[in-house]
$ cat protein22.pdb   # PDB, C-alpha atoms
MODEL        1
ATOM      1  CA  GLY C 438      -9.267  14.036  -7.991  1.00  0.00           C
ATOM      2  CA  GLU C 439      -6.671  14.693  -5.364  1.00  0.00           C
ATOM      3  CA  ASN C 440      -3.571  12.833  -6.399  1.00  0.00           C
ATOM      4  CA  VAL C 441       0.167  13.331  -6.189  1.00  0.00           C
ATOM      5  CA  GLU C 442       2.202  10.424  -7.479  1.00  0.00           C
ATOM      6  CA  GLN C 443       5.868  10.175  -6.525  1.00  0.00           C
ATOM      7  CA  HIS C 444       8.571   7.911  -7.976  1.00  0.00           C
ATOM      8  CA  PRO C 445      10.661   6.037  -7.144  1.00  0.00           C
ATOM      9  CA  SER C 446       9.703   4.906  -3.659  1.00  0.00           C
ATOM     10  CA  THR C 447      13.316   3.984  -2.922  1.00  0.00           C
ATOM     11  CA  LEU C 448      16.485   5.276  -4.535  1.00  0.00           C
ATOM     12  CA  SER C 449      20.089   4.322  -3.887  1.00  0.00           C
ATOM     13  CA  VAL C 450      22.900   6.341  -5.398  1.00  0.00           C
ATOM     14  CA  GLN C 451      26.642   6.345  -4.972  1.00  0.00           C
ATOM     15  CA  GLU C 452      28.031   9.254  -2.999  1.00  0.00           C
ATOM     16  CA  GLY C 453      28.913  12.018  -5.411  1.00  0.00           C
ATOM     17  CA  ASP C 454      26.383  10.956  -8.034  1.00  0.00           C
ATOM     18  CA  SER C 455      23.099  12.719  -8.783  1.00  0.00           C
ATOM     19  CA  ALA C 456      19.628  11.753  -7.601  1.00  0.00           C
ATOM     20  CA  VAL C 457      16.367  12.564  -9.336  1.00  0.00           C
ATOM     21  CA  ILE C 458      12.896  12.169  -7.835  1.00  0.00           C
ATOM     22  CA  LYS C 459       9.778  12.757  -9.900  1.00  0.00           C
ATOM     23  CA  CYS C 460       6.217  13.713  -9.041  1.00  0.00           C
ATOM     24  CA  THR C 461       3.040  14.105 -11.043  1.00  0.00           C
ATOM     25  CA  TYR C 462      -0.092  15.905  -9.933  1.00  0.00           C
ATOM     26  CA  SER C 463      -3.650  15.950 -11.134  1.00  0.00           C
ATOM     27  CA  ASP C 464      -5.057  19.367 -10.195  1.00  0.00           C
ATOM     28  CA  SER C 465      -4.255  21.795 -12.992  1.00  0.00           C
ATOM     29  CA  ALA C 466      -5.013  24.683 -10.607  1.00  0.00           C
ATOM     30  CA  SER C 467      -1.972  23.824  -8.478  1.00  0.00           C
ATOM     31  CA  ASN C 468       0.597  26.620  -8.680  1.00  0.00           C
ATOM     32  CA  TYR C 469       3.055  25.980  -5.866  1.00  0.00           C
ATOM     33  CA  PHE C 470       5.204  22.888  -5.468  1.00  0.00           C
ATOM     34  CA  PRO C 471       7.297  22.355  -2.346  1.00  0.00           C
ATOM     35  CA  TRP C 472       9.747  19.581  -1.557  1.00  0.00           C
ATOM     36  CA  TYR C 473      10.268  18.422   2.005  1.00  0.00           C
ATOM     37  CA  LYS C 474      13.077  16.363   3.511  1.00  0.00           C
ATOM     38  CA  GLN C 475      12.349  14.183   6.511  1.00  0.00           C
ATOM     39  CA  GLU C 476      15.137  12.516   8.436  1.00  0.00           C
ATOM     40  CA  LEU C 477      14.351   9.559  10.650  1.00  0.00           C
ATOM     41  CA  GLY C 478      12.303  10.610  13.656  1.00  0.00           C
ATOM     42  CA  LYS C 479      12.315  14.276  12.673  1.00  0.00           C
ATOM     43  CA  ARG C 480       9.857  16.746  11.254  1.00  0.00           C
ATOM     44  CA  PRO C 481       9.480  17.382   7.511  1.00  0.00           C
ATOM     45  CA  GLN C 482      11.579  20.384   6.516  1.00  0.00           C
ATOM     46  CA  LEU C 483      11.115  22.477   3.412  1.00  0.00           C
ATOM     47  CA  ILE C 484      14.214  22.293   1.221  1.00  0.00           C
ATOM     48  CA  ILE C 485      13.077  23.992  -1.972  1.00  0.00           C
ATOM     49  CA  ASP C 486       9.879  25.106  -3.669  1.00  0.00           C
ATOM     50  CA  ILE C 487       8.810  26.396  -7.059  1.00  0.00           C
ATOM     51  CA  ARG C 488       5.909  28.421  -8.384  1.00  0.00           C
ATOM     52  CA  SER C 489       4.176  27.747 -11.641  1.00  0.00           C
ATOM     53  CA  ASN C 490       5.473  30.928 -13.277  1.00  0.00           C
ATOM     54  CA  VAL C 491       9.006  29.497 -13.526  1.00  0.00           C
ATOM     55  CA  GLY C 492      10.317  26.269 -14.976  1.00  0.00           C
ATOM     56  CA  GLU C 493      13.391  25.732 -12.814  1.00  0.00           C
ATOM     57  CA  LYS C 494      14.842  26.856  -9.517  1.00  0.00           C
ATOM     58  CA  LYS C 495      18.250  26.086  -8.011  1.00  0.00           C
ATOM     59  CA  ASP C 496      19.691  26.318  -4.539  1.00  0.00           C
ATOM     60  CA  GLN C 497      23.281  25.098  -4.375  1.00  0.00           C
ATOM     61  CA  ARG C 498      23.174  21.312  -4.983  1.00  0.00           C
ATOM     62  CA  ILE C 499      19.394  21.154  -5.144  1.00  0.00           C
ATOM     63  CA  ALA C 500      17.186  22.056  -8.082  1.00  0.00           C
ATOM     64  CA  VAL C 501      13.540  21.647  -8.952  1.00  0.00           C
ATOM     65  CA  THR C 502      12.086  21.618 -12.458  1.00  0.00           C
ATOM     66  CA  LEU C 503       8.438  22.022 -13.364  1.00  0.00           C
ATOM     67  CA  ASN C 504       6.515  21.086 -16.479  1.00  0.00           C
ATOM     68  CA  LYS C 505       3.013  22.518 -16.075  1.00  0.00           C
ATOM     69  CA  THR C 506       1.773  21.151 -19.373  1.00  0.00           C
ATOM     70  CA  ALA C 507       2.645  17.610 -18.409  1.00  0.00           C
ATOM     71  CA  LYS C 508       1.810  18.252 -14.740  1.00  0.00           C
ATOM     72  CA  HIS C 509       5.036  16.923 -13.368  1.00  0.00           C
ATOM     73  CA  PHE C 510       7.929  18.298 -11.357  1.00  0.00           C
ATOM     74  CA  SER C 511      11.240  16.843 -10.286  1.00  0.00           C
ATOM     75  CA  LEU C 512      13.823  17.221  -7.550  1.00  0.00           C
ATOM     76  CA  HIS C 513      17.464  17.005  -8.562  1.00  0.00           C
ATOM     77  CA  ILE C 514      20.268  16.601  -6.041  1.00  0.00           C
ATOM     78  CA  THR C 515      23.799  16.793  -7.430  1.00  0.00           C
ATOM     79  CA  GLU C 516      27.074  15.695  -5.819  1.00  0.00           C
ATOM     80  CA  THR C 517      25.161  13.709  -3.221  1.00  0.00           C
ATOM     81  CA  GLN C 518      26.554  13.456   0.287  1.00  0.00           C
ATOM     82  CA  PRO C 519      25.804  11.056   3.180  1.00  0.00           C
ATOM     83  CA  GLU C 520      23.680  13.690   4.915  1.00  0.00           C
ATOM     84  CA  ASP C 521      21.330  13.688   1.932  1.00  0.00           C
ATOM     85  CA  SER C 522      20.055  10.280   3.064  1.00  0.00           C
ATOM     86  CA  ALA C 523      16.439  10.839   4.122  1.00  0.00           C
ATOM     87  CA  VAL C 524      12.871  10.554   2.901  1.00  0.00           C
ATOM     88  CA  TYR C 525      11.842  13.239   0.433  1.00  0.00           C
ATOM     89  CA  PHE C 526       8.240  14.287  -0.136  1.00  0.00           C
ATOM     90  CA  CYS C 527       6.815  16.319  -2.956  1.00  0.00           C
ATOM     91  CA  ALA C 528       3.539  18.159  -2.512  1.00  0.00           C
ATOM     92  CA  ALA C 529       0.992  20.109  -4.475  1.00  0.00           C
ATOM     93  CA  PRO C 530      -1.715  22.328  -3.060  1.00  0.00           C
ATOM     94  CA  LYS C 531      -5.337  22.421  -3.967  1.00  0.00           C
ATOM     95  CA  LYS C 532      -6.864  25.822  -4.622  1.00  0.00           C
ATOM     96  CA  ASP C 533      -8.025  25.948  -1.007  1.00  0.00           C
ATOM     97  CA  ASP C 534      -4.370  25.625   0.087  1.00  0.00           C
ATOM     98  CA  LYS C 535      -4.837  22.085   1.344  1.00  0.00           C
ATOM     99  CA  ILE C 536      -1.588  20.342   0.486  1.00  0.00           C
ATOM    100  CA  ILE C 537      -1.506  16.836  -0.903  1.00  0.00           C
ATOM    101  CA  PHE C 538       1.767  15.004  -0.274  1.00  0.00           C
ATOM    102  CA  GLY C 539       3.327  12.257  -2.293  1.00  0.00           C
ATOM    103  CA  LYS C 540       4.112   8.977  -0.574  1.00  0.00           C
ATOM    104  CA  GLY C 541       7.779   9.773  -0.303  1.00  0.00           C
ATOM    105  CA  THR C 542      11.095   8.573  -1.697  1.00  0.00           C
ATOM    106  CA  ARG C 543      13.604   6.978   0.604  1.00  0.00           C
ATOM    107  CA  LEU C 544      17.030   8.105  -0.628  1.00  0.00           C
ATOM    108  CA  HIS C 545      20.094   6.091   0.371  1.00  0.00           C
ATOM    109  CA  ILE C 546      23.530   7.540  -0.322  1.00  0.00           C
ATOM    110  CA  LEU C 547      25.997   4.687  -0.652  1.00  0.00           C
ATOM    111  CA  PRO C 548      29.621   5.196   0.467  1.00  0.00           C
TER     112      PRO C 548
ATOM    113  CA  ASP S 414      12.948  27.802  19.947  1.00  0.00           C
ATOM    114  CA  THR S 415      10.611  29.873  17.775  1.00  0.00           C
ATOM    115  CA  GLY S 416       9.429  26.985  15.601  1.00  0.00           C
ATOM    116  CA  VAL S 417       6.202  25.020  15.765  1.00  0.00           C
ATOM    117  CA  SER S 418       5.992  22.993  18.963  1.00  0.00           C
ATOM    118  CA  GLN S 419       3.826  20.019  19.841  1.00  0.00           C
ATOM    119  CA  ASP S 420       3.023  18.341  23.114  1.00  0.00           C
ATOM    120  CA  PRO S 421       3.314  15.574  24.068  1.00  0.00           C
ATOM    121  CA  ARG S 422       5.954  14.136  21.782  1.00  0.00           C
ATOM    122  CA  HIS S 423       4.873  10.587  22.543  1.00  0.00           C
ATOM    123  CA  LYS S 424       1.633   9.112  23.831  1.00  0.00           C
ATOM    124  CA  ILE S 425       0.783   5.512  24.630  1.00  0.00           C
ATOM    125  CA  THR S 426      -2.826   4.782  25.420  1.00  0.00           C
ATOM    126  CA  LYS S 427      -5.211   1.893  25.657  1.00  0.00           C
ATOM    127  CA  ARG S 428      -7.920   1.337  23.094  1.00  0.00           C
ATOM    128  CA  GLY S 429     -11.070   3.210  24.018  1.00  0.00           C
ATOM    129  CA  GLN S 430      -9.337   6.020  25.871  1.00  0.00           C
ATOM    130  CA  ASN S 431      -9.464   9.665  24.823  1.00  0.00           C
ATOM    131  CA  VAL S 432      -6.301  11.581  24.000  1.00  0.00           C
ATOM    132  CA  THR S 433      -5.618  15.266  23.369  1.00  0.00           C
ATOM    133  CA  PHE S 434      -2.642  16.788  21.595  1.00  0.00           C
ATOM    134  CA  ARG S 435      -1.547  20.390  21.562  1.00  0.00           C
ATOM    135  CA  CYS S 436       0.146  22.435  18.855  1.00  0.00           C
ATOM    136  CA  ASP S 437       1.696  25.861  19.272  1.00  0.00           C
ATOM    137  CA  PRO S 438       2.320  27.457  15.879  1.00  0.00           C
ATOM    138  CA  ILE S 439       4.988  29.981  15.036  1.00  0.00           C
ATOM    139  CA  SER S 440       3.979  33.330  16.514  1.00  0.00           C
ATOM    140  CA  GLU S 441       1.553  35.298  14.330  1.00  0.00           C
ATOM    141  CA  HIS S 442       1.091  32.474  11.839  1.00  0.00           C
ATOM    142  CA  ASN S 443      -2.568  32.682  10.953  1.00  0.00           C
ATOM    143  CA  ARG S 444      -2.983  29.208   9.496  1.00  0.00           C
ATOM    144  CA  LEU S 445      -2.574  25.983  11.388  1.00  0.00           C
ATOM    145  CA  TYR S 446      -2.788  22.517   9.863  1.00  0.00           C
ATOM    146  CA  TRP S 447      -3.087  19.017  11.277  1.00  0.00           C
ATOM    147  CA  TYR S 448      -1.754  15.970   9.447  1.00  0.00           C
ATOM    148  CA  ARG S 449      -1.467  12.286  10.203  1.00  0.00           C
ATOM    149  CA  GLN S 450       1.544  10.292   9.032  1.00  0.00           C
ATOM    150  CA  THR S 451       1.872   6.528   9.142  1.00  0.00           C
ATOM    151  CA  LEU S 452       5.043   4.563   8.503  1.00  0.00           C
ATOM    152  CA  GLY S 453       6.196   4.744   4.917  1.00  0.00           C
ATOM    153  CA  GLN S 454       3.601   7.308   3.906  1.00  0.00           C
ATOM    154  CA  GLY S 455       3.492  11.032   3.364  1.00  0.00           C
ATOM    155  CA  PRO S 456       1.573  13.310   5.707  1.00  0.00           C
ATOM    156  CA  GLU S 457      -2.200  13.097   5.166  1.00  0.00           C
ATOM    157  CA  PHE S 458      -4.224  16.254   5.617  1.00  0.00           C
ATOM    158  CA  LEU S 459      -6.760  16.191   8.455  1.00  0.00           C
ATOM    159  CA  THR S 460      -7.947  19.750   8.994  1.00  0.00           C
ATOM    160  CA  TYR S 461      -6.837  23.360   9.039  1.00  0.00           C
ATOM    161  CA  PHE S 462      -7.645  26.672  10.682  1.00  0.00           C
ATOM    162  CA  GLN S 463      -7.355  30.231   9.575  1.00  0.00           C
ATOM    163  CA  ASN S 464      -7.131  32.131  12.828  1.00  0.00           C
ATOM    164  CA  GLU S 465      -9.850  30.535  14.978  1.00  0.00           C
ATOM    165  CA  ALA S 466     -12.018  29.351  12.086  1.00  0.00           C
ATOM    166  CA  GLN S 467     -11.829  25.711  11.048  1.00  0.00           C
ATOM    167  CA  LEU S 468     -12.008  25.916   7.261  1.00  0.00           C
ATOM    168  CA  GLU S 469     -11.804  22.349   6.095  1.00  0.00           C
ATOM    169  CA  LYS S 470     -11.933  18.831   7.434  1.00  0.00           C
ATOM    170  CA  SER S 471     -10.758  15.764   5.578  1.00  0.00           C
ATOM    171  CA  ARG S 472     -12.978  12.753   5.055  1.00  0.00           C
ATOM    172  CA  LEU S 473     -10.272  10.958   7.067  1.00  0.00           C
ATOM    173  CA  LEU S 474     -11.420  12.875  10.134  1.00  0.00           C
ATOM    174  CA  SER S 475     -14.097  10.676  11.650  1.00  0.00           C
ATOM    175  CA  ASP S 476     -16.530  11.977  14.236  1.00  0.00           C
ATOM    176  CA  ARG S 477     -14.184  10.685  16.931  1.00  0.00           C
ATOM    177  CA  PHE S 478     -11.735  13.417  15.983  1.00  0.00           C
ATOM    178  CA  SER S 479     -12.211  17.048  16.902  1.00  0.00           C
ATOM    179  CA  ALA S 480      -9.902  20.014  16.634  1.00  0.00           C
ATOM    180  CA  GLU S 481     -10.125  23.481  18.098  1.00  0.00           C
ATOM    181  CA  ARG S 482      -8.210  26.721  17.930  1.00  0.00           C
ATOM    182  CA  PRO S 483     -10.254  28.874  20.280  1.00  0.00           C
ATOM    183  CA  LYS S 484      -8.129  32.032  20.344  1.00  0.00           C
ATOM    184  CA  GLY S 485      -6.463  31.690  17.000  1.00  0.00           C
ATOM    185  CA  SER S 486      -3.135  30.741  18.537  1.00  0.00           C
ATOM    186  CA  PHE S 487      -2.562  27.193  19.836  1.00  0.00           C
ATOM    187  CA  SER S 488      -4.708  24.290  18.697  1.00  0.00           C
ATOM    188  CA  THR S 489      -5.782  21.002  20.210  1.00  0.00           C
ATOM    189  CA  LEU S 490      -6.633  17.757  18.469  1.00  0.00           C
ATOM    190  CA  GLU S 491      -8.712  15.299  20.451  1.00  0.00           C
ATOM    191  CA  ILE S 492      -9.342  11.683  19.569  1.00  0.00           C
ATOM    192  CA  GLN S 493     -12.159  10.000  21.442  1.00  0.00           C
ATOM    193  CA  ARG S 494     -12.519   6.247  21.932  1.00  0.00           C
ATOM    194  CA  THR S 495      -9.123   5.572  20.359  1.00  0.00           C
ATOM    195  CA  GLU S 496      -8.677   2.584  18.085  1.00  0.00           C
ATOM    196  CA  GLN S 497      -5.512   0.716  17.149  1.00  0.00           C
ATOM    197  CA  GLY S 498      -5.788   2.174  13.668  1.00  0.00           C
ATOM    198  CA  ASP S 499      -5.309   5.640  15.145  1.00  0.00           C
ATOM    199  CA  SER S 500      -1.683   4.804  15.893  1.00  0.00           C
ATOM    200  CA  ALA S 501       0.360   7.260  13.846  1.00  0.00           C
ATOM    201  CA  MET S 502       2.434  10.416  13.990  1.00  0.00           C
ATOM    202  CA  TYR S 503       0.242  13.507  14.258  1.00  0.00           C
ATOM    203  CA  LEU S 504       1.933  16.509  12.719  1.00  0.00           C
ATOM    204  CA  CYS S 505       1.021  20.133  13.045  1.00  0.00           C
ATOM    205  CA  ALA S 506       2.141  22.869  10.664  1.00  0.00           C
ATOM    206  CA  SER S 507       1.621  26.602  10.401  1.00  0.00           C
ATOM    207  CA  SER S 508       1.965  29.270   7.742  1.00  0.00           C
ATOM    208  CA  SER S 509       1.906  33.032   7.494  1.00  0.00           C
ATOM    209  CA  PRO S 510       0.506  35.411   4.888  1.00  0.00           C
ATOM    210  CA  HIS S 511       3.455  37.740   5.545  1.00  0.00           C
ATOM    211  CA  LEU S 512       5.942  35.292   4.060  1.00  0.00           C
ATOM    212  CA  ASN S 513       4.413  32.827   1.652  1.00  0.00           C
ATOM    213  CA  GLN S 514       1.018  31.555   2.782  1.00  0.00           C
ATOM    214  CA  GLU S 515       1.549  28.215   1.074  1.00  0.00           C
ATOM    215  CA  THR S 516       4.833  27.451   2.837  1.00  0.00           C
ATOM    216  CA  GLN S 517       4.083  25.291   5.827  1.00  0.00           C
ATOM    217  CA  TYR S 518       6.451  24.812   8.742  1.00  0.00           C
ATOM    218  CA  PHE S 519       6.058  21.567  10.613  1.00  0.00           C
ATOM    219  CA  GLY S 520       6.281  20.737  14.267  1.00  0.00           C
ATOM    220  CA  PRO S 521       8.122  17.660  15.589  1.00  0.00           C
ATOM    221  CA  GLY S 522       4.904  15.652  15.813  1.00  0.00           C
ATOM    222  CA  THR S 523       3.166  13.604  18.464  1.00  0.00           C
ATOM    223  CA  ARG S 524       3.630   9.872  18.065  1.00  0.00           C
ATOM    224  CA  LEU S 525       0.535   8.002  19.236  1.00  0.00           C
ATOM    225  CA  LEU S 526       0.503   4.305  20.005  1.00  0.00           C
ATOM    226  CA  VAL S 527      -2.853   2.715  20.807  1.00  0.00           C
ATOM    227  CA  LEU S 528      -2.561  -0.662  22.499  1.00  0.00           C
TER     228      LEU S 528
ENDMDL
END
$ encode --input "protein22.pdb" --output "structure tokens"
Amino acid sequence: GENVEQHPSTLSVQEGDSAVIKCTYSDSASNYFPWYKQELGKRPQLIIDIRSNVGEKKDQRIAVTLNKTAKHFSLHITETQPEDSAVYFCAAPKKDDKIIFGKGTRLHILP
Amino acid sequence: DTGVSQDPRHKITKRGQNVTFRCDPISEHNRLYWYRQTLGQGPEFLTYFQNEAQLEKSRLLSDRFSAERPKGSFSTLEIQRTEQGDSAMYLCASSSPHLNQETQYFGPGTRLLVL
């Protein structure tokens, strides 16, 4: 079936701490996993993505890890800052490039 | 601004009316996608085009919904006989085979409110 499960739905972390958001997918043919950040009233913006031929990718304070065997991937944000507060969506494509999005995680960075 | 653009940004209509939204993708992006997003949810796929060909339609897309991309550039999404349940943000995205075909760039969306 077409399913991307994302957890948690809400996450609050102290400024400076790390945040981790996890997603699982069901289609074993999926080979590309993007993460989008959506601020209130704005468009989803791609922040990082990973292909199935690597297990981890980093970009400054953001990293994504992928476990193809277990069919899950995670977003890690270190040294969180107030501007990291947003809704984050994971996604996984079907083989026809239709993308299935998770339901989102609302991240609150506490001062 | 060379990003994906959508028009209008907001639309308020009465139940039963028809509405049409427009999306202009990034120049030379061959694929164009339509999504619907309701509060607290992720974007839900509706349909997508490769150039002018409509390749897939979601089961979410009832027969009141129709999308076109006649010249392979901009696209329109029309909703006929709108219902209150159609109230949502309608997002458009585009992608290019010259970069990474799977990477989709979103427009700002059209927020529809059906009264």
$ resolve_selection --input "protein22.pdb" --expression "the ChimeraX specification (/C :<10) & /S" --output "PDB file with C-alpha atoms, in the coordinates of the input"
ATOM      1  CA  TYR S 446      -2.788  22.517   9.863  1.00  0.00           C
ATOM      2  CA  TYR S 448      -1.754  15.970   9.447  1.00  0.00           C
ATOM      3  CA  GLY S 453       6.196   4.744   4.917  1.00  0.00           C
ATOM      4  CA  GLN S 454       3.601   7.308   3.906  1.00  0.00           C
ATOM      5  CA  GLY S 455       3.492  11.032   3.364  1.00  0.00           C
ATOM      6  CA  PRO S 456       1.573  13.310   5.707  1.00  0.00           C
ATOM      7  CA  GLU S 457      -2.200  13.097   5.166  1.00  0.00           C
ATOM      8  CA  PHE S 458      -4.224  16.254   5.617  1.00  0.00           C
ATOM      9  CA  LEU S 459      -6.760  16.191   8.455  1.00  0.00           C
ATOM     10  CA  THR S 460      -7.947  19.750   8.994  1.00  0.00           C
ATOM     11  CA  TYR S 461      -6.837  23.360   9.039  1.00  0.00           C
ATOM     12  CA  LEU S 468     -12.008  25.916   7.261  1.00  0.00           C
ATOM     13  CA  GLU S 469     -11.804  22.349   6.095  1.00  0.00           C
ATOM     14  CA  LYS S 470     -11.933  18.831   7.434  1.00  0.00           C
ATOM     15  CA  SER S 471     -10.758  15.764   5.578  1.00  0.00           C
ATOM     16  CA  MET S 502       2.434  10.416  13.990  1.00  0.00           C
ATOM     17  CA  LEU S 504       1.933  16.509  12.719  1.00  0.00           C
ATOM     18  CA  CYS S 505       1.021  20.133  13.045  1.00  0.00           C
ATOM     19  CA  ALA S 506       2.141  22.869  10.664  1.00  0.00           C
ATOM     20  CA  GLN S 514       1.018  31.555   2.782  1.00  0.00           C
ATOM     21  CA  GLU S 515       1.549  28.215   1.074  1.00  0.00           C
ATOM     22  CA  THR S 516       4.833  27.451   2.837  1.00  0.00           C
ATOM     23  CA  GLN S 517       4.083  25.291   5.827  1.00  0.00           C
ATOM     24  CA  TYR S 518       6.451  24.812   8.742  1.00  0.00           C
ATOM     25  CA  PHE S 519       6.058  21.567  10.613  1.00  0.00           C
ATOM     26  CA  GLY S 520       6.281  20.737  14.267  1.00  0.00           C
ATOM     27  CA  PRO S 521       8.122  17.660  15.589  1.00  0.00           C
ATOM     28  CA  GLY S 522       4.904  15.652  15.813  1.00  0.00           C
ATOM     29  CA  ARG S 524       3.630   9.872  18.065  1.00  0.00           C
TER      30      ARG S 524
END
$ resolve_selection --input "protein22.pdb" --expression "the PyMOL selection byres ((chain S and resi 436-443) around 6)" --output "list in words"
Gly416, Val417, Ser418, Gln419, Arg435, Arg444, Gln463, Asn464, Phe487, Ser488, Ser507, Ser508 and Ser509 of chain S
$ atom_distance --input "protein22.pdb" --atom1 "CA of Glu520 (chain C)" --atom2 "CA of Arg498 (chain C)"
12.5 Å
$ resolve_selection --input "protein22.pdb" --expression "the PyMOL selection byres ((chain C and resi 499) around 9)" --output "ChimeraX atom specification"
/C:484-485,494-498,500-501,512-515
$ residues_near_point --input "protein22.pdb" --point "(32.1, 4.3, 4.6)" --cutoff "12 Å" --atoms "all atoms listed in the file" --output "list in words"
Gln451, Glu452, Gln518, Pro519, Ile546, Leu547 and Pro548 of chain C
